[in-house]
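Undergrad: A single structure is presented below for examination.
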Amino acid sequence: REARRRRRADGDSGDDEVGAGEVDEEARLRDELSAAHRLTMEFGFDQLVWNHISARLSSGEVLITPGRRMYHEIEPGDVVKSSDNVTADTIHTAVFDARPDVRSVVHLHTPAATAVACLESGFLCLAQHAAAFHGRVAYHDWEGLSDDPGEAERLAAAVKGDVNILVM
């Protein structure tokens with residue numbers, strides 16, 4: 001949306017780039033990822049530059065957080081197709097390769113997620129609000145920086161099935 005708004009503000013209808021009525025998937029996902037970064041920051045879920053958000057295009061290419069940028073600074077044009085962070089690339093690629101149904105990966109280090117990761121029992125469904133996660137949380141023992149290609153295989157195995165959260 002932001003890119004389209006800027007084009008209209010500049011007097012460009014965008015019709016040359018995309019046929020009338022068509023949606024430019026990459027521009028749309030860039031806008032959505034930029035908004036997701038800002039919302040992550042606004043809700044206090046960002047941890048400097050150590051989190052990553054990605055989205056898979058229908059072509060199979062992945063758009064991801066550029067790294068070395070604060071979340072409030074990330075604009076649609078800043079999102080990249082390969083991060084400069086091997087850990088981000090390893091984790092996100094592993095999930096996308098294992099799960100063709102997954103269109104986006106959000107990797108956060110929120111205090112709440114970190115606390116759950118430290119619990120011997122892991123995530124417990126102790127309230128009705130947690131029911132949506134029942135049986136959908138997987139675990140992967142932390143192996144340090146995720147820069148080992150072998151870890152990608154273990155991450156992929158962890159997210160198989162109906163999992164929608166991976167605690168590391």
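Letters A, B, ... mark the chains of the structure tokens in the order given; residue numbers begin at 1 per chain; ligand numbers begin at 1, in order shown.
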Can you tell me which residues surround A:His52 at a distance of at most 12 Å, considering only C-alpha atoms, apart from same-chain residues fewer than 4 positions away, and format the answer as a PyMOL selection string?
TA: chain A and resi 33-34+36-37+40-41+45-48+63-71+74+79-80+82-92+104-109
Undergrad: Could you pull out the helix (DSSP H, G or I) residues of stretch 74-146 of chain A, going by DSSP on the backbone, and write them as a PyMOL selection string?
TA: chain A and resi 76-78+86-98+111-118+128-133
Undergrad: Can you pull out the residues contacting A:Thr114? Cut-off 12 Å, using only C-alpha atoms, and skip same-chain residues under 2 positions away; I want them as an NGL selection string.
TA: :A and (45 or 47 or 107-112 or 116-119 or 122-123 or 142 or 166-168)
Undergrad: Please determine, counting only C-alpha atoms, which residue among A:Gly161, A:Pro76, A:Gly60, A:Pro149 has the shortest atom-to-atom distance to A:Arg136.
TA: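 Using only C-alpha atoms, the shortest distance to A:Arg136 belongs to A:Gly161.
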Undergrad: Identify all residues of stretch 43-103 of chain A in strand (DSSP E or B) (DSSP on the backbone) and supply them as number ranges by chain.
TA: A: 52-56, 62-64, 80
Undergrad: Save the residues we just selected, C-alpha atoms, as a short mmCIF file (atom, residue, chain, number, x, y, z; two decimals), in the first residue's frame?
TA:
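Contents of the output file selection.cif:
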```cif
data_model
loop_
_atom_site.label_atom_id
_atom_site.label_comp_id
_atom_site.auth_asym_id
_atom_site.auth_seq_id
_atom_site.Cartn_x
_atom_site.Cartn_y
_atom_site.Cartn_z
CA HIS A 52 13.61 -11.39 11.41
CA ILE A 53 10.36 -11.44 9.47
CA SER A 54 10.07 -13.02 6.04
CA ALA A 55 7.47 -13.78 3.39
CA ARG A 56 7.58 -16.20 0.49
CA VAL A 62 11.83 -15.06 -0.02
CA LEU A 63 11.72 -11.45 1.15
CA ILE A 64 13.33 -10.93 4.56
CA VAL A 80 15.87 -7.97 0.73
#
```
Undergrad: How far is it from atom CA of A:Ala138 to atom CA of A:Glu61, in Å with one decimal?
TA: 25.2 Å
Undergrad: Between atom CA of A:Ser59 and atom CA of A:His72, what is the distance, to one decimal in Å?
TA: 27.9 Å
